[in-house]
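As provided, start.cif (mmCIF, C-alpha atoms and all ligand atoms; chains and numbers go by the auth columns) reads as follows.
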data_structure
loop_
_atom_site.group_PDB
_atom_site.id
_atom_site.type_symbol
_atom_site.label_atom_id
_atom_site.label_comp_id
_atom_site.label_asym_id
_atom_site.label_seq_id
_atom_site.Cartn_x
_atom_site.Cartn_y
_atom_site.Cartn_z
_atom_site.B_iso_or_equiv
_atom_site.auth_seq_id
_atom_site.auth_asym_id
ATOM 1 C CA MET A 1 92.891 90.820 106.541 0.00 8 E
ATOM 2 C CA SER A 2 96.123 92.602 105.706 0.00 9 E
ATOM 3 C CA LYS A 3 96.336 94.509 102.452 0.00 10 E
ATOM 4 C CA LYS A 4 98.135 92.968 99.542 0.00 11 E
ATOM 5 C CA GLY A 5 101.746 94.186 99.298 0.00 12 E
ATOM 6 C CA SER A 6 103.167 96.203 96.427 0.00 13 E
ATOM 7 C CA LEU A 7 105.553 95.002 93.785 0.00 14 E
ATOM 8 C CA ILE A 8 108.701 97.113 93.754 0.00 15 E
ATOM 9 C CA VAL A 9 111.200 96.998 90.934 0.00 16 E
ATOM 10 C CA VAL A 10 114.670 98.304 91.711 0.00 17 E
ATOM 11 C CA SER A 11 116.963 98.692 88.738 0.00 18 E
ATOM 12 C CA GLY A 12 120.105 100.643 88.299 0.00 19 E
ATOM 13 C CA LEU A 13 123.446 100.781 86.691 0.00 20 E
ATOM 14 C CA SER A 14 125.547 97.818 87.758 0.00 21 E
ATOM 15 C CA GLY A 15 127.671 99.206 90.589 0.00 22 E
ATOM 16 C CA ALA A 16 125.173 101.899 91.614 0.00 23 E
ATOM 17 C CA GLY A 17 124.961 100.366 95.075 0.00 24 E
ATOM 18 C CA LYS A 18 121.556 98.678 94.742 0.00 25 E
ATOM 19 C CA GLY A 19 122.667 95.584 96.625 0.00 26 E
ATOM 20 C CA THR A 20 123.877 97.571 99.633 0.00 27 E
ATOM 21 C CA MET A 21 120.699 99.628 99.583 0.00 28 E
ATOM 22 C CA MET A 22 118.465 96.545 99.555 0.00 29 E
ATOM 23 C CA ASN A 23 120.372 94.919 102.431 0.00 30 E
ATOM 24 C CA ARG A 24 119.933 98.063 104.482 0.00 31 E
ATOM 25 C CA LEU A 25 116.242 98.387 103.624 0.00 32 E
ATOM 26 C CA LEU A 26 115.569 94.822 104.781 0.00 33 E
ATOM 27 C CA GLU A 27 117.621 95.339 107.919 0.00 34 E
ATOM 28 C CA LYS A 28 115.688 98.487 108.817 0.00 35 E
ATOM 29 C CA TYR A 29 112.197 97.324 107.897 0.00 36 E
ATOM 30 C CA PRO A 30 112.217 93.511 108.018 0.00 37 E
ATOM 31 C CA GLU A 31 108.450 93.254 108.503 0.00 38 E
ATOM 32 C CA ASP A 32 107.591 95.302 105.445 0.00 39 E
ATOM 33 C CA TYR A 33 109.691 93.817 102.663 0.00 40 E
ATOM 34 C CA ALA A 34 110.643 90.541 101.045 0.00 41 E
ATOM 35 C CA LEU A 35 113.448 90.354 98.508 0.00 42 E
ATOM 36 C CA SER A 36 112.841 88.048 95.576 0.00 43 E
ATOM 37 C CA ILE A 37 115.654 85.627 94.779 0.00 44 E
ATOM 38 C CA SER A 38 116.237 85.335 91.049 0.00 45 E
ATOM 39 C CA ALA A 39 117.360 82.379 89.026 0.00 46 E
ATOM 40 C CA THR A 40 120.461 82.873 86.888 0.00 47 E
ATOM 41 C CA THR A 41 122.789 80.930 84.628 0.00 48 E
ATOM 42 C CA ARG A 42 125.843 82.987 85.611 0.00 49 E
ATOM 43 C CA ASP A 43 128.518 81.438 87.825 0.00 50 E
ATOM 44 C CA PRO A 44 128.460 82.325 91.530 0.00 51 E
ATOM 45 C CA ARG A 45 130.936 84.967 92.666 0.00 52 E
ATOM 46 C CA PRO A 46 133.151 83.995 95.588 0.00 53 E
ATOM 47 C CA GLY A 47 130.972 83.919 98.685 0.00 54 E
ATOM 48 C CA GLU A 48 127.674 83.735 96.823 0.00 55 E
ATOM 49 C CA VAL A 49 125.419 80.911 97.970 0.00 56 E
ATOM 50 C CA HIS A 50 122.783 78.972 95.998 0.00 57 E
ATOM 51 C CA GLY A 51 119.367 80.009 97.302 0.00 58 E
ATOM 52 C CA LYS A 52 120.662 83.184 98.956 0.00 59 E
ATOM 53 C CA GLU A 53 121.905 85.648 96.331 0.00 60 E
ATOM 54 C CA TYR A 54 120.524 83.595 93.441 0.00 61 E
ATOM 55 C CA PHE A 55 119.378 80.159 92.411 0.00 62 E
ATOM 56 C CA PHE A 56 122.310 79.194 90.201 0.00 63 E
ATOM 57 C CA ILE A 57 120.952 76.893 87.511 0.00 64 E
ATOM 58 C CA THR A 58 121.931 75.581 84.080 0.00 65 E
ATOM 59 C CA ARG A 59 120.747 76.987 80.761 0.00 66 E
ATOM 60 C CA ASP A 60 118.588 73.895 80.229 0.00 67 E
ATOM 61 C CA GLU A 61 116.925 74.290 83.611 0.00 68 E
ATOM 62 C CA PHE A 62 116.366 77.988 82.931 0.00 69 E
ATOM 63 C CA GLU A 63 114.821 77.368 79.519 0.00 70 E
ATOM 64 C CA LYS A 64 112.517 74.752 81.054 0.00 71 E
ATOM 65 C CA MET A 65 111.294 77.342 83.588 0.00 72 E
ATOM 66 C CA ILE A 66 110.536 79.765 80.746 0.00 73 E
ATOM 67 C CA VAL A 67 108.547 77.154 78.841 0.00 74 E
ATOM 68 C CA GLU A 68 106.598 76.115 81.940 0.00 75 E
ATOM 69 C CA GLY A 69 105.639 79.721 82.709 0.00 76 E
ATOM 70 C CA LYS A 70 107.420 79.674 86.056 0.00 77 E
ATOM 71 C CA LEU A 71 109.082 83.072 85.562 0.00 78 E
ATOM 72 C CA LEU A 72 107.310 86.370 86.053 0.00 79 E
ATOM 73 C CA GLU A 73 109.888 87.986 83.753 0.00 80 E
ATOM 74 C CA HIS A 74 113.306 87.118 82.430 0.00 81 E
ATOM 75 C CA ALA A 75 116.114 88.754 80.514 0.00 82 E
ATOM 76 C CA HIS A 76 119.498 88.177 78.991 0.00 83 E
ATOM 77 C CA TYR A 77 122.243 90.256 80.569 0.00 84 E
ATOM 78 C CA VAL A 78 125.905 90.264 79.433 0.00 85 E
ATOM 79 C CA GLY A 79 125.897 86.613 78.314 0.00 86 E
ATOM 80 C CA ASN A 80 123.583 85.077 80.928 0.00 87 E
ATOM 81 C CA TYR A 81 119.924 84.552 81.698 0.00 88 E
ATOM 82 C CA TYR A 82 118.304 86.091 84.777 0.00 89 E
ATOM 83 C CA GLY A 83 114.671 85.646 85.826 0.00 90 E
ATOM 84 C CA THR A 84 112.148 86.075 88.645 0.00 91 E
ATOM 85 C CA PRO A 85 110.389 82.949 89.991 0.00 92 E
ATOM 86 C CA ARG A 86 106.682 83.736 89.868 0.00 93 E
ATOM 87 C CA GLU A 87 105.118 81.667 92.640 0.00 94 E
ATOM 88 C CA TRP A 88 107.102 82.977 95.587 0.00 95 E
ATOM 89 C CA VAL A 89 106.570 86.611 94.580 0.00 96 E
ATOM 90 C CA GLU A 90 102.816 86.174 94.291 0.00 97 E
ATOM 91 C CA SER A 91 102.469 84.397 97.641 0.00 98 E
ATOM 92 C CA GLN A 92 104.544 87.028 99.468 0.00 99 E
ATOM 93 C CA MET A 93 102.444 89.844 98.036 0.00 100 E
ATOM 94 C CA GLU A 94 99.270 88.007 99.065 0.00 101 E
ATOM 95 C CA SER A 95 100.595 87.818 102.617 0.00 102 E
ATOM 96 C CA GLY A 96 101.007 91.611 102.672 0.00 103 E
ATOM 97 C CA LYS A 97 104.749 91.978 102.033 0.00 104 E
ATOM 98 C CA ASN A 98 106.095 94.544 99.611 0.00 105 E
ATOM 99 C CA VAL A 99 108.171 92.408 97.282 0.00 106 E
ATOM 100 C CA ILE A 100 111.372 93.801 95.820 0.00 107 E
ATOM 101 C CA LEU A 101 112.687 92.684 92.474 0.00 108 E
ATOM 102 C CA GLU A 102 116.270 93.772 91.973 0.00 109 E
ATOM 103 C CA ILE A 103 116.299 93.304 88.222 0.00 110 E
ATOM 104 C CA ASP A 104 117.602 94.908 85.057 0.00 111 E
ATOM 105 C CA ILE A 105 115.745 97.349 82.849 0.00 112 E
ATOM 106 C CA GLN A 106 114.480 94.782 80.339 0.00 113 E
ATOM 107 C CA GLY A 107 112.876 92.944 83.268 0.00 114 E
ATOM 108 C CA GLY A 108 111.536 96.160 84.795 0.00 115 E
ATOM 109 C CA LEU A 109 109.810 97.110 81.582 0.00 116 E
ATOM 110 C CA GLN A 110 108.240 93.643 81.281 0.00 117 E
ATOM 111 C CA ILE A 111 106.865 94.025 84.814 0.00 118 E
ATOM 112 C CA LYS A 112 105.463 97.443 83.959 0.00 119 E
ATOM 113 C CA GLU A 113 103.588 95.867 81.044 0.00 120 E
ATOM 114 C CA ILE A 114 102.025 93.056 83.057 0.00 121 E
ATOM 115 C CA MET A 115 101.563 94.933 86.349 0.00 122 E
ATOM 116 C CA PRO A 116 101.183 98.647 85.654 0.00 123 E
ATOM 117 C CA GLU A 117 100.637 99.330 89.363 0.00 124 E
ATOM 118 C CA ALA A 118 104.182 98.136 90.226 0.00 125 E
ATOM 119 C CA MET A 119 106.532 100.853 91.522 0.00 126 E
ATOM 120 C CA LEU A 120 109.680 101.187 89.437 0.00 127 E
ATOM 121 C CA PHE A 121 112.762 102.733 91.037 0.00 128 E
ATOM 122 C CA PHE A 122 115.929 103.523 89.117 0.00 129 E
ATOM 123 C CA ILE A 123 119.102 103.872 91.171 0.00 130 E
ATOM 124 C CA LEU A 124 121.935 106.023 89.837 0.00 131 E
ATOM 125 C CA PRO A 125 125.467 106.396 91.177 0.00 132 E
ATOM 126 C CA PRO A 126 126.610 109.990 91.830 0.00 133 E
ATOM 127 C CA SER A 127 128.609 109.848 88.547 0.00 134 E
ATOM 128 C CA MET A 128 129.785 107.423 85.852 0.00 135 E
ATOM 129 C CA GLU A 129 133.329 107.805 87.145 0.00 136 E
ATOM 130 C CA GLU A 130 132.139 106.726 90.574 0.00 137 E
ATOM 131 C CA LEU A 131 130.433 103.760 88.907 0.00 138 E
ATOM 132 C CA ARG A 132 133.695 102.598 87.303 0.00 139 E
ATOM 133 C CA ARG A 133 135.494 103.076 90.607 0.00 140 E
ATOM 134 C CA ARG A 134 132.913 100.972 92.490 0.00 141 E
ATOM 135 C CA LEU A 135 133.012 98.186 89.906 0.00 142 E
ATOM 136 C CA GLU A 136 136.808 98.081 90.021 0.00 143 E
ATOM 137 C CA HIS A 137 136.827 98.214 93.789 0.00 144 E
ATOM 138 C CA ARG A 138 134.444 95.248 93.998 0.00 145 E
ATOM 139 C CA GLY A 139 137.148 93.257 92.207 0.00 146 E
ATOM 140 C CA THR A 140 134.819 90.472 91.088 0.00 147 E
ATOM 141 C CA GLU A 141 134.890 91.163 87.333 0.00 148 E
ATOM 142 C CA THR A 142 137.696 91.215 84.778 0.00 149 E
ATOM 143 C CA PRO A 143 138.512 94.584 83.113 0.00 150 E
ATOM 144 C CA GLU A 144 136.739 93.281 79.993 0.00 151 E
ATOM 145 C CA GLN A 145 133.586 92.425 81.944 0.00 152 E
ATOM 146 C CA ILE A 146 133.710 95.801 83.678 0.00 153 E
ATOM 147 C CA GLN A 147 133.861 97.517 80.294 0.00 154 E
ATOM 148 C CA LYS A 148 130.869 95.462 79.077 0.00 155 E
ATOM 149 C CA ARG A 149 128.901 96.448 82.185 0.00 156 E
ATOM 150 C CA LEU A 150 129.784 100.128 81.672 0.00 157 E
ATOM 151 C CA ASP A 151 128.708 99.927 78.017 0.00 158 E
ATOM 152 C CA ARG A 152 125.496 98.303 79.125 0.00 159 E
ATOM 153 C CA ALA A 153 125.028 101.046 81.731 0.00 160 E
ATOM 154 C CA GLU A 154 125.255 103.697 78.982 0.00 161 E
ATOM 155 C CA GLU A 155 122.539 101.834 77.048 0.00 162 E
ATOM 156 C CA GLU A 156 120.303 101.460 80.101 0.00 163 E
ATOM 157 C CA LYS A 157 120.431 105.163 80.919 0.00 164 E
ATOM 158 C CA LYS A 158 118.264 105.774 77.847 0.00 165 E
ATOM 159 C CA PHE A 159 115.302 104.081 79.550 0.00 166 E
ATOM 160 C CA ILE A 160 115.343 106.004 82.799 0.00 167 E
ATOM 161 C CA ASP A 161 112.288 108.034 81.899 0.00 168 E
ATOM 162 C CA LYS A 162 110.174 104.855 81.809 0.00 169 E
ATOM 163 C CA TYR A 163 110.716 104.480 85.558 0.00 170 E
ATOM 164 C CA ASN A 164 108.453 106.111 88.170 0.00 171 E
ATOM 165 C CA TYR A 165 111.205 107.202 90.577 0.00 172 E
ATOM 166 C CA VAL A 166 114.915 107.993 90.204 0.00 173 E
ATOM 167 C CA ILE A 167 117.212 107.937 93.223 0.00 174 E
ATOM 168 C CA ILE A 168 120.780 109.234 93.088 0.00 175 E
ATOM 169 C CA ASN A 169 122.514 107.020 95.600 0.00 176 E
ATOM 170 C CA GLU A 170 124.980 109.281 97.346 0.00 177 E
ATOM 171 C CA ASP A 171 124.074 108.263 100.869 0.00 178 E
ATOM 172 C CA VAL A 172 122.650 104.787 101.461 0.00 179 E
ATOM 173 C CA GLU A 173 120.654 105.799 104.530 0.00 180 E
ATOM 174 C CA LYS A 174 118.928 108.668 102.715 0.00 181 E
ATOM 175 C CA SER A 175 118.286 106.575 99.599 0.00 182 E
ATOM 176 C CA VAL A 176 116.682 103.795 101.655 0.00 183 E
ATOM 177 C CA ASP A 177 114.364 106.208 103.452 0.00 184 E
ATOM 178 C CA LEU A 178 113.388 107.895 100.217 0.00 185 E
ATOM 179 C CA LEU A 179 112.355 104.553 98.767 0.00 186 E
ATOM 180 C CA HIS A 180 110.553 103.477 101.929 0.00 187 E
ATOM 181 C CA ASN A 181 108.603 106.724 102.244 0.00 188 E
ATOM 182 C CA ASN A 182 107.401 106.453 98.661 0.00 189 E
ATOM 183 C CA VAL A 183 106.234 102.885 99.271 0.00 190 E
ATOM 184 C CA LEU A 184 104.381 103.921 102.445 0.00 191 E
ATOM 185 C CA ALA A 185 102.698 106.773 100.611 0.00 192 E
ATOM 186 C CA LYS A 186 101.612 104.535 97.759 0.00 193 E
ATOM 187 C CA ASN A 187 100.263 101.871 100.133 0.00 194 E
ATOM 188 C CA GLU A 188 98.306 104.527 102.031 0.00 195 E
ATOM 189 C CA LEU A 189 96.464 105.342 98.824 0.00 196 E
ATOM 190 C CA LYS A 190 95.424 101.739 98.143 0.00 197 E
HETATM 191 P P1 LIG B . 124.715 90.548 88.624 0.00 201 E
HETATM 192 O O1 LIG B . 125.391 89.592 87.659 0.00 201 E
HETATM 193 O O2 LIG B . 125.576 91.767 88.876 0.00 201 E
HETATM 194 O O3 LIG B . 124.295 89.858 89.885 0.00 201 E
HETATM 195 O O4 LIG B . 123.390 91.048 87.930 0.00 201 E
HETATM 196 C C1 LIG B . 123.419 91.615 86.652 0.00 201 E
HETATM 197 C C2 LIG B . 122.113 92.343 86.360 0.00 201 E
HETATM 198 O O5 LIG B . 121.033 91.415 86.312 0.00 201 E
HETATM 199 C C3 LIG B . 121.745 93.357 87.440 0.00 201 E
HETATM 200 O O6 LIG B . 121.288 94.533 86.773 0.00 201 E
HETATM 201 C C4 LIG B . 120.635 92.674 88.190 0.00 201 E
HETATM 202 O O7 LIG B . 119.742 93.605 88.772 0.00 201 E
HETATM 203 C C5 LIG B . 119.959 91.923 87.058 0.00 201 E
HETATM 204 N N1 LIG B . 119.093 90.835 87.524 0.00 201 E
HETATM 205 C C6 LIG B . 119.243 90.054 88.609 0.00 201 E
HETATM 206 N N2 LIG B . 118.219 89.193 88.718 0.00 201 E
HETATM 207 C C7 LIG B . 117.389 89.449 87.681 0.00 201 E
HETATM 208 C C8 LIG B . 116.123 88.901 87.256 0.00 201 E
HETATM 209 O O8 LIG B . 115.539 88.017 87.856 0.00 201 E
HETATM 210 N N3 LIG B . 115.588 89.431 86.128 0.00 201 E
HETATM 211 C C9 LIG B . 116.180 90.425 85.417 0.00 201 E
HETATM 212 N N4 LIG B . 115.545 90.888 84.348 0.00 201 E
HETATM 213 N N5 LIG B . 117.354 90.965 85.790 0.00 201 E
HETATM 214 C C10 LIG B . 117.955 90.481 86.906 0.00 201 E
#
Mind converting the file's structure to structure tokens?
Amino acid sequence: MSKKGSLIVVSGLSGAGKGTMMNRLLEKYPEDYALSISATTRDPRPGEVHGKEYFFITRDEFEKMIVEGKLLEHAHYVGNYYGTPREWVESQMESGKNVILEIDIQGGLQIKEIMPEAMLFFILPPSMEELRRRLEHRGTETPEQIQKRLDRAEEEKKFIDKYNYVIINEDVEKSVDLLHNNVLAKNELK
């Protein structure tokens, strides 16, 4: 029987390039990883599809999931709820996949509490200036929302030392391999 997969938390300052990194990781190693799809109450960005980037649900639906214990973790982030559906994550890990949760720090710390063996990666942009530039370039948030995300990023930086690994994402290819090699090493030790 195949070994159970690892749970991998990937957090980072909004705009650090996590999304691009995760797409590349799955493209390179499709057999090894499964990316969890979160539920959220935020509105879809142009091009985002229900069931692909997120499950876009109402506040009432979200609160019902909390009450019914259907979320592994959840958090409030800049005015909206975000959470990880439990069942899918557990079944993927059982089948041997390393499951990635691309979640914020509050969520990451909850996971660390309930599953201390999870691997927590924190992704940093090369600089805060670069972070602002990437957020502006993405063009999906208003200047006010960008400022809120940058303020939040300053707050989140304080928790970096709670994470097991920190990756400065200068080069996507290198960052992806760094993450992958750490996961392989950890799984070897199981
Ligand atoms: P965005 O609105 O840019 O898609 O996501 C905002 C933040 O919420 C990001 O830091 C993202 O990683 C985080 N996030 C996405 N899904 C979840 C989740 O299921 N749980 C938690 N705690 N954070 C999430």
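Environment of (134.9, 102.4, 82.0): residues at most 6 Å away, judged by all atoms listed in the file, are Arg139, Gln154 and Leu157 of chain E.
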- Name every residue that the PyMOL selection byres (((chain E and resi 91) around 6) and not hetatm) selects in this structure, writing the answer as a PyMOL selection string with chains first and numbers rising. chain E and resi 45+78-80+90+92
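Nearest to Asp50 of chain E of all the residues E:Ser98, E:Thr147, E:Ser13, E:Gln113 is E:Thr147, counting only C-alpha atoms.
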Draw an axis-aligned box tight on the listed atoms of ligand LIG 201 (chain E), then pad every side by 5 Å and write out centre and edge lengths in Å to one decimal as JSON.
{"center_x": 120.6, "center_y": 91.3, "center_z": 87.1, "size_x": 20.0, "size_y": 16.5, "size_z": 15.5}
- Query: Using all atoms listed in the file, which protein or nucleic acid residues are at most 10 Å from ligand LIG 201 (chain E), as a VMD selection string?
  - Reply: chain E and resid 16 to 23 25 to 26 43 to 52 55 60 to 62 78 to 92 108 to 118 142 147 to 148 156 159 to 160 163
- For the atom pair atom CA of Glu151 of chain E and atom CA of Pro53 of chain E, what is the interatomic distance in Å to one decimal place?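 Straight-line distance from atom CA of Glu151 of chain E to atom CA of Pro53 of chain E works out to 18.5 Å.
Among E:Asn189, E:Glu34, E:Lys71, E:Asn176, the residue with the shortest atom-to-atom distance to Met126 of chain E, counting all atoms listed in the file, is E:Asn189.
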Non-local contacts of Phe128 of chain E (8 Å; all atoms listed in the file; under 6 positions in same chain excluded) as an mmCIF file with C-alpha atoms, in the coordinates of the input:
data_model
loop_
_atom_site.group_PDB
_atom_site.id
_atom_site.type_symbol
_atom_site.label_atom_id
_atom_site.label_comp_id
_atom_site.auth_asym_id
_atom_site.auth_seq_id
_atom_site.Cartn_x
_atom_site.Cartn_y
_atom_site.Cartn_z
ATOM 1 C CA ILE E 15 108.701 97.113 93.754
ATOM 2 C CA VAL E 16 111.200 96.998 90.934
ATOM 3 C CA VAL E 17 114.670 98.304 91.711
ATOM 4 C CA SER E 18 116.963 98.692 88.738
ATOM 5 C CA TYR E 170 110.716 104.480 85.558
ATOM 6 C CA ASN E 171 108.453 106.111 88.170
ATOM 7 C CA TYR E 172 111.205 107.202 90.577
ATOM 8 C CA VAL E 173 114.915 107.993 90.204
ATOM 9 C CA ILE E 174 117.212 107.937 93.223
ATOM 10 C CA LEU E 186 112.355 104.553 98.767
#
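Nearest residue to Asp184 of chain E, choosing from E:Arg140, E:Gly54, E:Leu42, E:Met29 and counting all atoms listed in the file: E:Met29.
Closest approach to Ala125 of chain E among E:Ile64, E:Ile153, E:Val190, E:Met72: E:Val190, based on all atoms listed in the file.
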